[in-house]
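Only one structure is covered here, and it is reproduced in the block below.
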Amino acid sequence: MKTPAPARACGIVLVLLSLLAVLQTTRAQKNDIDIYSLTVDSKVSSRFAHTVITSRVVNKADTAREATFQMELPKKAFITNFSMIIDGVTYPGNIKQKDAAQEQYSAAVARGESAGLVKATGRKMEQFQVSVNVAPAAKVTFQLVYEELLKRQLGMYELLLKVRPQQLVKHLQMDVHIFEPQGISFLETESTFMTNELEKALTTSVNQTKAHIQFKPTLSQQQSSPEQQDTVVDGNFIIRYDVNRTLSGGSIQIENGYFVHYFAPEDLATIPKNVIFVIDKSGSMSGKKMQQTREALVKILEDLNPTDQFNLISFNGQVTQWKPSLVPASAENVKEAKSYTASIQARGSTNINDAMLMAVELLEKANREELLSSGSVSLIILLTDGDPTAGETNPTEIQKNVQKAIGGQYSLFCLGFGFDVSFAFLEKLALDNGGLARRIYEDSDSALQLQDFYQEVANPLLTAVSFEYPSNTVEEVTQDNFRLLFKGSEMVVAGKLRDHGPDVLSANVRGRLPRQNITFQMESMVAEQQEEFRSPKYIFHGFMERLWAYLTIQQLLEKMVSASDAEKQTLETQALGLSLSYSFVTPLTSMVVTKPEGQEQSQVAEKPVENENENRLRSSLLSSRHHVFRSRGPAIPGPLGMVSSHPWKSGLQASVVYQRPFYLSYDSVGSAESVDVLETNPTTPPPARIQAPTVILPLPGQSVDQLCVDIKHTQEPMNLLSDPDQGLEVTGQYEMNKAQFSWIKVTFQKPQLQVYASPEHVIVTRNQRNSEYKWKETLFSVMPGLKMTMDKEGLLLLSSPDKVTIGLLSWNGPGQGIRLLLRDTDRFSSHVNGTLGQFYQDVLWGPSAADDSERTLRVQGRDHSATRELKLDYQQGDPGKEIPCWCVEL
């Protein structure tokens with residue numbers, strides 16, 4: 001047995017006691033500012049989300065306090081309004097051209113204040129924060145409004161809301177209204193904070209075209225426990241959905257003189273592709289990055305279609321190609337490529353230029369030799385983690401060389417691994433060549449990020465897609481020509497109807513299939529469409545004009561990346577004009593937040609850009625992955641309405657944007673290494689510990705209520721359970737030397753879902769989208785026909801009203817590892833089978849021995865010896881309970 005040395009443990013106790021004192025002192029101050037109302041109202045009208053956050057606070061102290069409003073919003077969203085109401089006076093946020101706000105911004109920086117109110121905080125979110133001095137008994141209302149167009153990825157739209165009040169709120173309410181004229185095909189919700197008690201406060205109603213999700217917990221439901229005043233409402237709330245589709249020209253929707261055209265036809269066959277993977281193997285890729293890259297490549301290679309062709313290029317200072325030309329994605333070639341991938345080692349410098357030119361030459365050679373199948377799509381996928389350091393190292397020259405070589409024939413996708421690479425360089429490289437750039441975050445799920453990106457481009461459906469409308473009916477149309485349409489995505493075109501236009505808006509969508517051109521024809525009744533959006537109260541009226549402006553600005557900003565200097569100025573002028581006209585905080589505008597007289601001068605909110613402050617974002621991402629003790633001193637903000645306070649003192653800086661978290665490390669007070677404890681009686685052997693069995697099977701309706709199964713003779717992956725009537729399969733790999741499962745995989749047919757559990761994490765795959773969850777992270781997900789939950793004890797449950805409940809447990813007791821749980825096993829059909837499933841067929845128990853220690857059971861014609869033993873029941877979690885159990889070895 002090992003234990004920390006007493007002196008070191010004492011040091012830790014002293015630190016914890018100091019922390020406790022700080023927390024108790026500052027909590028009293030924090031509660032002086034009380035959030036008595038926090039509401040989130042999001043209206044999604046035809047994919048366009050308009051979200052309003054309103055936080056109402058009161059200062060209960062007898063002296064002035066500072067209130068800090070902080071929340072997180074999606075990176076793709078544009079802030080459109082912010083205001084504070086203090087003593088009946090409204091202090092608005094004014095959106096100006098960035099240059100016009102620069103003087104105020106610079107003055108704030110010169111005063112030593114954190115003038116930027118919006119900062120990137122993670123992969124998908126930005127953080128908005130503002131602070132204001134509040135007099136005793138005074139009330140303040142904060143309101144923030146932002147808008148975004150939900151993008152379809154891997155077959156679904158996602159609305160992400162961050163909810164972190166960090167205190168109990170008397171009136172806490174979230175309402176999401178969704179209206180989709182095409183009809184809602186499915187809707188699911190996921191939360192990282194939902195509990196069984198909070199679930200009672202969540203209601204979801206869905207009909208053909210509308211959905212309403214409401215979350216309205218009481219004070220008691222928000223409490224972490226009856227004895228504590230802390231809230232459990234802290235994390236993400238996600239809504240995912242899709243709409244009905246047919247093999248048609250899409251859906252044209254019209255409102256208030258503007259139209260939007262959504263195009264994502266169903267049932268098109270996948271076009272064969274020629275793909276070249278260009279992999280950075282320079283020294284900076286060594287270690288975990290290369291390991292994750294190899295892991296992802298193996299999965300990606302397995303997902304290649306038999307009609308695809310592919311090749312691999314790896315590069316450092318030198319460039320190496322796996323094969324001299326492209327090869328078919330046959331089982332033999334894929335197997336050989338996986339072996340090659342496993343052998344890639346990271347060392348040396350980074351020659352991006354020559355690697356890219358070699359990739360283009362491979363495609364050019366195949367094209368000259370007529371080895372590319374007719375109508376196929378050619379893609380180059382570059383993965384790198386750093387800037388060029390060998391060969392041609394000038395980024396501008398590399399961009400020119402690659403664009404000239406590709407010549408508009410192929411699409412280039414660039415993946416930047418981590419924050420040492422210039423994302424601006426990769427983004428221009430990709431956009432110049434008909435692709436896009438994506439950052440891969442250094443984390444435990446980096447391999448999954450790579451796989452998810454590949455799935456987005458794995459199935460091209462159409463090439464050379466163009467949208468055509470009668471020129472006398474529409475004007476100011478957004479981008480209407482696209483190089484590629486991928487399965488699971490969607491093309492969006494918006495525009496303005498001309499005055500006195502026709503009663504019917506017609507459209508032709510043209511595209512190219514492998515062996516023919518195709519045209520989709522579409523008509524939409526203008527008056528009928530206008531009426532559809534006019535009456536409902538649950539939508540944000542006038543949204544389509546703002547959708548058009550939002551989409552136009554996003555596309556103008558994207559064009560600026562690859563435009564010449566002369567073109568760039570024109571594009572910037574257009575984007576700036578729209579940003580100001582529609583009050584969007586974009587990279588070209590700033591919002592000046594005014595405050596009452598006598599307080600800190602105006603603050604400035606600006607839209608962060610992906611390639612700015614990369615090191616700062618990297619630091620915040622890394623720190624957010626740790627479990628920390630935070631010293632909750634005065635004015636520590638908290639996302640989405642968290643309000644903190646400290647006594648107001650004249651002349652002190654009023655806003656504290658960041659407070660460094662306090663990390664409790666054993667090393668700071670003594671090493672955490674364990675030392676051997678001297679045995680008091682070394683001659684007495686310790687008693688044998690009761691072990692948990694491999695699996696405990698509940699057996700309703702049998703003479704034995706449960707069976708303990710130990711696996712003793714297996715090496716290969718096993719079919720543990722399979723029930724075709726339930727659409728359920730459970731497989732696993734059991735490691736004899738460790739006496740535990742190395743992984744268990746649960747697969748459902750309806751809904752299509754796969755859950756892969758290992759001792760390290762849980763990976764959920766839904767619609768080819770991978771999500772990683774750490775054990776003991778709270779998870780609550782409801783999808784059609786299935787509920788998935790995980791609690792802080794590490795119990796993951798997959799349940800449905802008419803299915804067997806499957807549980808996976810991260811067990812830390814004796815014989816630690818992943819454990820499988822089964823509930824509601826009376827729902828198994830007569831067709832259940834598998835290593836464990838066989839015990840739910842016709843089982844015959846023989847009589848007990850005289851001492852009731854042995855029995856025989858016959859399963860599918862085979863006899864098994866069962867013995868009565870004391871085992872540890874893991875089904876209720878740590879530390880387990882000793883139970884007598886009939887045990888069988890397999």
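Scheme for the structure tokens: letters A, B, ... for chains in order shown; per-chain residue numbers from 1; ligand numbers from 1 in order shown.
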Next item on the list: Identify, with DSSP run on backbone atoms, the residues in segment 452-609 of chain A assigned to helix (DSSP H, G or I), and express the list as a PyMOL selection string.
Entry: chain A and resi 452-457+526-534+543-562+565-581
Note to self: Give me, as number ranges by chain, all polymer residues having an atom no more than 7 Å from Pro92 of chain A, counting only C-alpha atoms and skipping those fewer than 6 positions away in the same chain.
What the structure shows: A: 82-84, 593-594
Margin query: Using only C-alpha atoms, which protein or nucleic acid residues come within 8 Å of Glu442 of chain A? Drop anything in the same chain fewer than 6 positions from it, and give the result as JSON, numbers by chain.
Written below: {"A": [289, 417, 418]}
Mind writing the picked residues with all heavy atoms as a compact mmCIF listing (two decimals), in the first residue's frame?
# COMPACT_ATOMS: atom_id res chain seq x y z
N LYS A 289 1.00 14.51 -31.48
CA LYS A 289 0.41 14.98 -32.74
C LYS A 289 0.56 13.95 -33.84
O LYS A 289 -0.39 13.67 -34.58
CB LYS A 289 1.04 16.33 -33.14
CG LYS A 289 0.47 17.50 -32.38
CD LYS A 289 0.83 18.83 -33.01
CE LYS A 289 2.25 19.24 -32.71
NZ LYS A 289 2.52 20.64 -33.09
N PHE A 417 -2.67 22.27 -37.61
CA PHE A 417 -2.64 21.53 -36.35
C PHE A 417 -2.02 22.42 -35.27
O PHE A 417 -0.83 22.69 -35.28
CB PHE A 417 -1.82 20.26 -36.52
CG PHE A 417 -2.20 19.14 -35.59
CD1 PHE A 417 -2.19 17.82 -36.02
CD2 PHE A 417 -2.55 19.38 -34.27
CE1 PHE A 417 -2.53 16.78 -35.18
CE2 PHE A 417 -2.89 18.36 -33.42
CZ PHE A 417 -2.89 17.05 -33.88
N GLY A 418 -2.84 22.89 -34.32
CA GLY A 418 -2.33 23.70 -33.22
C GLY A 418 -2.23 25.17 -33.58
O GLY A 418 -2.84 25.66 -34.53
Checklist line | Residues within 9 Å of Pro693 of chain A, only C-alpha atoms, excluding chain neighbours under 2 positions, as a VMD selection string | finding: chain A and resid 691 695 to 696 708 to 711 815 871 to 874 887
Write a file of the just-selected residues containing N, CA and C atoms, as a compact mmCIF listing (two decimals), in the first residue's frame.
# COMPACT_ATOMS: atom_id res chain seq x y z
N GLN A 691 -13.30 -9.36 -5.44
CA GLN A 691 -13.20 -8.73 -6.76
C GLN A 691 -14.58 -8.59 -7.40
N VAL A 695 -18.77 -9.24 -15.65
CA VAL A 695 -20.12 -8.74 -15.94
C VAL A 695 -21.10 -9.35 -14.95
N ILE A 696 -22.07 -8.55 -14.52
CA ILE A 696 -23.20 -9.06 -13.74
C ILE A 696 -24.44 -8.99 -14.63
N CYS A 708 -23.09 -13.85 -12.21
CA CYS A 708 -21.80 -13.20 -12.36
C CYS A 708 -20.97 -13.98 -13.37
N VAL A 709 -20.52 -13.29 -14.41
CA VAL A 709 -19.78 -13.94 -15.49
C VAL A 709 -18.34 -13.42 -15.48
N ASP A 710 -17.39 -14.34 -15.46
CA ASP A 710 -15.98 -13.98 -15.60
C ASP A 710 -15.46 -14.55 -16.90
N ILE A 711 -14.80 -13.70 -17.69
CA ILE A 711 -14.25 -14.13 -18.96
C ILE A 711 -12.80 -14.54 -18.75
N GLY A 815 -10.32 -4.50 -9.42
CA GLY A 815 -10.55 -4.95 -10.79
C GLY A 815 -11.06 -3.82 -11.65
N LYS A 871 -18.91 -11.82 -4.37
CA LYS A 871 -18.40 -10.91 -5.39
C LYS A 871 -18.75 -9.46 -5.02
N LEU A 872 -18.05 -8.55 -5.67
CA LEU A 872 -18.29 -7.13 -5.44
C LEU A 872 -19.26 -6.62 -6.52
N ASP A 873 -20.40 -6.13 -6.09
CA ASP A 873 -21.40 -5.61 -7.03
C ASP A 873 -21.03 -4.19 -7.41
N TYR A 874 -20.68 -3.99 -8.68
CA TYR A 874 -20.25 -2.67 -9.16
C TYR A 874 -21.42 -1.84 -9.68
N CYS A 887 -21.63 -17.84 -10.04
CA CYS A 887 -20.57 -17.39 -10.95
C CYS A 887 -20.28 -18.45 -12.02
Notebook entry, point to check: Which polymer residues have any atom within 10 Å of an atom of Glu528 of chain A, counting only C-alpha atoms, with same-chain residues fewer than 2 positions away left out, as a PyMOL selection string?
Noted result: chain A and resi 253-255+503-504+524-526+530-533
Output file for the residues above (N, CA, C and O atoms, as a compact mmCIF listing (two decimals), in the first residue's frame):
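This went into result09.txt:
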# COMPACT_ATOMS: atom_id res chain seq x y z
N GLN A 253 -37.69 30.47 -49.96
CA GLN A 253 -38.55 31.09 -48.97
C GLN A 253 -38.45 32.61 -49.11
O GLN A 253 -37.37 33.14 -49.37
N ILE A 254 -39.59 33.27 -48.94
CA ILE A 254 -39.67 34.70 -49.23
C ILE A 254 -40.32 35.41 -48.05
O ILE A 254 -41.33 34.95 -47.51
N GLU A 255 -39.72 36.54 -47.63
CA GLU A 255 -40.28 37.33 -46.56
C GLU A 255 -39.87 38.78 -46.71
O GLU A 255 -38.69 39.08 -46.92
N ASP A 503 -45.47 37.25 -59.74
CA ASP A 503 -46.12 36.53 -58.65
C ASP A 503 -45.42 35.22 -58.33
O ASP A 503 -45.63 34.66 -57.26
N VAL A 504 -44.62 34.74 -59.28
CA VAL A 504 -43.92 33.48 -59.09
C VAL A 504 -42.43 33.70 -59.29
O VAL A 504 -42.01 34.28 -60.29
N SER A 524 -41.63 29.27 -56.77
CA SER A 524 -42.16 29.61 -55.45
C SER A 524 -43.17 30.74 -55.61
O SER A 524 -42.89 31.76 -56.25
N MET A 525 -44.37 30.53 -55.00
CA MET A 525 -45.43 31.54 -55.06
C MET A 525 -45.09 32.66 -54.06
O MET A 525 -45.03 32.43 -52.85
N VAL A 526 -44.87 33.85 -54.58
CA VAL A 526 -44.39 34.96 -53.75
C VAL A 526 -45.38 35.31 -52.65
O VAL A 526 -45.03 35.37 -51.46
N GLN A 530 -44.79 34.89 -48.63
CA GLN A 530 -44.79 36.07 -47.75
C GLN A 530 -45.75 35.86 -46.59
O GLN A 530 -45.44 36.21 -45.44
N GLU A 531 -46.92 35.28 -46.87
CA GLU A 531 -47.93 35.08 -45.85
C GLU A 531 -47.48 34.08 -44.79
O GLU A 531 -47.82 34.21 -43.61
N GLU A 532 -46.71 33.09 -45.21
CA GLU A 532 -46.28 32.04 -44.30
C GLU A 532 -45.45 32.59 -43.14
O GLU A 532 -45.50 32.08 -42.03
N PHE A 533 -44.68 33.64 -43.41
CA PHE A 533 -43.83 34.24 -42.37
C PHE A 533 -44.47 35.44 -41.69
O PHE A 533 -43.90 35.99 -40.74
Item checked: Separation of atom CA of Val275 of chain A from atom CA of Ser325 of chain A in Å -> 11.5 Å
Next item on the list: Select, from A:Ala337, A:Leu797, A:Val243, A:Leu870, the residue with the minimum atom-to-atom distance to Gly488 of chain A, counting only C-alpha atoms.
Entry: A:Val243
Next item on the list: Compile the contact shell of segment 373-389 of chain A as a PyMOL selection string: residues with an atom at most 7 Å away, counting only C-alpha atoms, same-chain residues fewer than 3 positions apart removed.
Entry: chain A and resi 271-280+285+349-352+393+410-418+420-422+513-515
For the residues in the current selection, export C-alpha atoms as an mmCIF file, in the first residue's frame.
data_model
loop_
_atom_site.group_PDB
_atom_site.id
_atom_site.type_symbol
_atom_site.label_atom_id
_atom_site.label_comp_id
_atom_site.auth_asym_id
_atom_site.auth_seq_id
_atom_site.Cartn_x
_atom_site.Cartn_y
_atom_site.Cartn_z
ATOM 1 C CA ILE A 271 -19.057 11.031 -57.105
ATOM 2 C CA PRO A 272 -15.764 9.050 -57.170
ATOM 3 C CA LYS A 273 -12.862 11.110 -55.872
ATOM 4 C CA ASN A 274 -9.109 11.229 -56.267
ATOM 5 C CA VAL A 275 -7.589 12.337 -52.999
ATOM 6 C CA ILE A 276 -3.996 13.003 -52.028
ATOM 7 C CA PHE A 277 -3.145 13.324 -48.350
ATOM 8 C CA VAL A 278 -0.143 15.593 -47.745
ATOM 9 C CA ILE A 279 1.149 14.971 -44.216
ATOM 10 C CA ASP A 280 3.682 17.091 -42.317
ATOM 11 C CA MET A 285 4.830 16.943 -35.277
ATOM 12 C CA SER A 349 12.206 20.814 -41.143
ATOM 13 C CA THR A 350 9.078 21.827 -43.117
ATOM 14 C CA ASN A 351 9.028 22.044 -46.931
ATOM 15 C CA ILE A 352 5.396 22.834 -47.714
ATOM 16 C CA THR A 393 9.865 29.681 -47.214
ATOM 17 C CA TYR A 410 -8.486 20.748 -58.064
ATOM 18 C CA SER A 411 -9.728 21.708 -54.596
ATOM 19 C CA LEU A 412 -7.256 22.216 -51.751
ATOM 20 C CA PHE A 413 -8.195 21.815 -48.091
ATOM 21 C CA CYS A 414 -5.744 22.924 -45.407
ATOM 22 C CA LEU A 415 -5.717 21.702 -41.825
ATOM 23 C CA GLY A 416 -3.629 23.662 -39.335
ATOM 24 C CA PHE A 417 -2.642 21.532 -36.347
ATOM 25 C CA GLY A 418 -2.332 23.699 -33.220
ATOM 26 C CA ASP A 420 2.249 27.411 -34.227
ATOM 27 C CA VAL A 421 1.062 27.529 -37.817
ATOM 28 C CA SER A 422 -0.084 30.751 -39.482
ATOM 29 C CA LEU A 513 -22.764 14.547 -62.352
ATOM 30 C CA PRO A 514 -20.005 12.123 -63.393
ATOM 31 C CA ARG A 515 -21.513 11.384 -66.805
#
Margin query: Applying 10 Å and only C-alpha atoms, which residues near segment 187-204 of chain A remain after dropping the ones on its own chain fewer than 3 positions away? List them as a VMD selection string.
Written below: chain A and resid 156 to 164 173 to 176 184 211 to 218 220 to 224 232 to 243 773 777 to 784 786 to 791
Check: Quick one: DSSP strand (DSSP E or B) residues in segment 189-279 of chain A, as a PyMOL selection string?
Finding: chain A and resi 189-191+202-206+210-215+223+231+235-243+251-255+258-263+273-279
Check: For Arg689 of chain A, which residue out of A:Pro395, A:Glu882, A:Glu456, A:Pro470 is the nearest one, using only C-alpha atoms?
Finding: A:Glu882
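Among A:Asp32, A:Glu392, A:Asp87, A:Asp443, the residue with the shortest atom-to-atom distance to Pro596 of chain A, counting only C-alpha atoms, is A:Asp87.
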Note to self: For a quick check of understanding, using only C-alpha atoms, which of A:Ser248, A:Glu302, A:Glu266, A:Leu720 has the smallest distance to Arg510 of chain A?
What the structure shows: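 The closest residue to Arg510 of chain A is A:Ser248.
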